[in-house]
Each structure stands twice: as structure tokens, then as C-alpha cells.
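Novice: First the structure, which I've put down as C-alpha cells, then a few questions once you've had a look.
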Amino acid sequence: MFTRKCELCGMDFQTASNRAKYCKYCRDKVQVQRNRAYKEKKESGTAVKIGSEQICPLCGKTFTVTSGSQKYCRNCTPPRKKAPSNTEYLKNHYDYIRVNVSKGEREKIKEYAQSQGMSVNKLLLTALKEYQEHHK
């Protein structure tokens with residue numbers, strides 16, 4: 001569980017998500033505001049419909065809109081830097097060890113690690129460090 005501060009009211013709240021911004025009381029209020037803004041944008045005619053024809057502001061050619069945030073035709077869209085994948089990062093920064101445990105032990109280990117406020121990885125590294133300190 002994560003402890004967060006609500007961005008709307010400032011109250012501390014507990015959540016299982018590491019991306020939560022709002023407490024359960026403000027979450028609905030924010031969703032209503034989001035829906036209202038979307039409806040107003042749609043009714044005002046400023047929303048661009050996917051599949052509609054638009055004119056590229058850079059080259060002047062017409063193109064078919066393929067996503068809600070698309071502003072330019074395919075030729076004028078600047079290339080995005082691709083972030084390295086998580087597996088690339090892990091391969092470059094960590095070694096991998098596989099541990100086999102008896103049937104049913106996996107969940108027990110995970111639950112114990114969680115009860116100690118640790119990941120399984122952190123639990124195993126801590127146990128190894130303590131073992132090395134006590135068995136020289």
C-alpha cells in the first residue's frame with residue numbers, strides 16, 4: 001500500500017496503486033469535471049474526430065486523423081525518442097538468479113515479504129546479508 005496526498009483536498013490516503021492522485025472522495029469529483037470538459041469540447045466543435053480529414057499546418061496536405069492527439073500528417077510528425085524497454089534496463093543493470101521453491105511456498109514467501117514491507121527480492125538479499133554476517 002502507498003500513502004499519498006490528494007492533489008485536490010490535500011488529505012493523506014492509502015492506495016494500492018502507485019499512480020493514484022486523488023482520495024476516494026475527490027476521485028468522483030475529478031471524473032465529473034473531466035466528463036464536463038470533454039462534453040464541452042465535443043459540443044464546441046474543437047474536438048477532432050478520428051477518421052476525419054484535416055489539413056497539416058506544416059505542409060498543407062490533407063491527412064486522415066488516426067489518433068485524438070494527432071496534429072500533423074505522418075511525414076511531418078517529428079520522430080519520438082523511444083525509451084529503452086524495461087527488459088533492456090534490467091539486462092544492463094542486474095544479474096538474474098532463478099530460485100525454485102516447493103509447491104505452495106511461493107505465495108507464503110510473497111505474503112511474508114509483503115508483511116515485512118519488502119519485495120521478495122529485497123527479502124532474499126536481506127536474509128543473505130544477515131546469514132553472511134552471522135556465519136563467518
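If you're wondering about the labels, chains in the C-alpha cells are A, B, ... by order shown, residues count from 1 in each chain, ligands from 1 in order shown.
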Do a neighbour search on Arg74 of chain A at 10 Å with only C-alpha atoms, toss out local chain neighbours closer than 6 positions, and write the hits as a list in words.

Specialist: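 The residues that qualify are Cys56, Phe63, Thr64, Val65 and Thr66 of chain A.
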
Novice: Just to be explicit: take each residue in the selection above, keep C-alpha atoms, and write the result as a PDB file, in the first residue's frame.

Specialist:
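Produced file result27.pdb, reproduced below:
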```
ATOM      1  CA  CYS A  56      -1.440  19.595 -41.912  1.00  0.00           C
ATOM      2  CA  PHE A  63      -4.410  13.645 -43.943  1.00  0.00           C
ATOM      3  CA  THR A  64      -6.732  11.267 -42.101  1.00  0.00           C
ATOM      4  CA  VAL A  65      -6.666  11.624 -38.311  1.00  0.00           C
ATOM      5  CA  THR A  66      -5.649   8.310 -36.678  1.00  0.00           C
TER       6      THR A  66
END
```

Novice: Using only C-alpha atoms, which protein or nucleic acid residues come within 12 Å of segment 57-61 of chain A? Drop anything in the same chain fewer than 4 positions from it, and give the result as a JSON list (two decimals) with N, CA and C atoms, in the first residue's frame.

Specialist:
```json
[["chain", "number", "residue", "atom", "x", "y", "z"],
["A", 53, "GLU", "N", -10.86, 14.13, -42.05],
["A", 53, "GLU", "CA", -9.79, 14.70, -42.87],
["A", 53, "GLU", "C", -9.37, 16.04, -42.29],
["A", 70, "GLN", "N", -3.41, 13.73, -32.64],
["A", 70, "GLN", "CA", -2.63, 13.93, -33.87],
["A", 70, "GLN", "C", -2.80, 15.35, -34.39],
["A", 71, "LYS", "N", -1.68, 16.02, -34.68],
["A", 71, "LYS", "CA", -1.71, 17.39, -35.18],
["A", 71, "LYS", "C", -1.17, 17.51, -36.60],
["A", 72, "TYR", "N", -0.27, 16.61, -36.97],
["A", 72, "TYR", "CA", 0.41, 16.71, -38.25],
["A", 72, "TYR", "C", 0.24, 15.44, -39.06],
["A", 73, "CYS", "N", 0.52, 15.53, -40.36],
["A", 73, "CYS", "CA", 0.48, 14.34, -41.20],
["A", 73, "CYS", "C", 1.66, 13.43, -40.82],
["A", 74, "ARG", "N", 1.63, 12.24, -41.34],
["A", 74, "ARG", "CA", 2.67, 11.25, -40.99],
["A", 74, "ARG", "C", 4.07, 11.73, -41.38],
["A", 75, "ASN", "N", 4.19, 12.42, -42.52],
["A", 75, "ASN", "CA", 5.51, 12.88, -42.99],
["A", 75, "ASN", "C", 6.08, 14.00, -42.13],
["A", 76, "CYS", "N", 5.22, 14.83, -41.55],
["A", 76, "CYS", "CA", 5.68, 15.98, -40.76],
["A", 76, "CYS", "C", 5.79, 15.69, -39.27],
["A", 77, "THR", "N", 5.26, 14.58, -38.81],
["A", 77, "THR", "CA", 5.32, 14.26, -37.38],
["A", 77, "THR", "C", 6.77, 14.02, -36.99],
["A", 78, "PRO", "N", 7.27, 14.76, -35.99],
["A", 78, "PRO", "CA", 8.66, 14.54, -35.58],
["A", 78, "PRO", "C", 8.83, 13.16, -34.95]]
```

Novice: Measure the distance from atom CA of Gln54 of chain A to atom CA of Ala37 of chain A in Å and round it to one decimal.

Specialist: 22.8 Å

Novice: Atom CA of Arg106 of chain A to atom CA of Glu130 of chain A: how many Å, to one decimal?

Specialist: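 Separation between atom CA of Arg106 of chain A and atom CA of Glu130 of chain A: 21.2 Å.
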
Novice: Please report the interatomic distance between atom CA of Lys21 of chain A and atom CA of Arg4 of chain A in Å with one decimal.

Specialist: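 Pair atom CA of Lys21 of chain A / atom CA of Arg4 of chain A returns 7.3 Å.
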
Novice: Based on DSSP run over this structure's backbone, return all residues of chain A in helix (DSSP H, G or I), as a ChimeraX atom specification.

Specialist: /A:24-44,86-93,105-115,120-134

Novice: Find the spatial neighbours of Cys23 of chain A, counting only C-alpha atoms, within a cut-off of 8 Å - ignore same-chain residues fewer than 5 positions away - and output them as a ChimeraX atom specification.

Specialist: /A:5-6,11-13

Novice: Save out the residues we just selected, C-alpha atoms, as an mmCIF file, in the first residue's frame.

Specialist:
```cif
data_model
loop_
_atom_site.group_PDB
_atom_site.id
_atom_site.type_symbol
_atom_site.label_atom_id
_atom_site.label_comp_id
_atom_site.auth_asym_id
_atom_site.auth_seq_id
_atom_site.Cartn_x
_atom_site.Cartn_y
_atom_site.Cartn_z
ATOM 1 C CA LYS A 5 -1.606 13.172 -0.572
ATOM 2 C CA CYS A 6 -4.741 14.063 -2.554
ATOM 3 C CA MET A 11 -5.779 14.714 2.637
ATOM 4 C CA ASP A 12 -3.470 11.690 3.079
ATOM 5 C CA PHE A 13 -4.923 8.421 1.785
#
```

Novice: If we count only C-alpha atoms and set the cut-off at 10 Å, which residues sit around segment 44-47 of chain A, ignoring sequence neighbours fewer than 6 positions away in its own chain? Please answer as a ChimeraX atom specification.

Specialist: /A:38,68-69

Novice: Need to verify the contact set: Lys110 of chain A, 12 Å, only C-alpha atoms, exclusion of same-chain residues closer than 4 positions in sequence. Can you return it as a ChimeraX atom specification?

Specialist: /A:101,104-106,114-124

Novice: Assign secondary structure with DSSP using the backbone only, and return the residues of segment 53-132 of chain A in strand (DSSP E or B) as a ChimeraX atom specification.

Specialist: /A:53-55,62-64

Novice: Next, the residues of the selection above should be written as a PDB file, in the first residue's frame with C-alpha atoms.

Specialist:
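And here is the file that came out, part33.pdb:
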```
ATOM      1  CA  GLU A  53      -9.792  14.700 -42.874  1.00  0.00           C
ATOM      2  CA  GLN A  54      -7.540  17.515 -41.608  1.00  0.00           C
ATOM      3  CA  ILE A  55      -5.001  19.834 -43.194  1.00  0.00           C
ATOM      4  CA  THR A  62      -4.695  16.710 -46.160  1.00  0.00           C
ATOM      5  CA  PHE A  63      -4.410  13.645 -43.943  1.00  0.00           C
ATOM      6  CA  THR A  64      -6.732  11.267 -42.101  1.00  0.00           C
TER       7      THR A  64
END
```
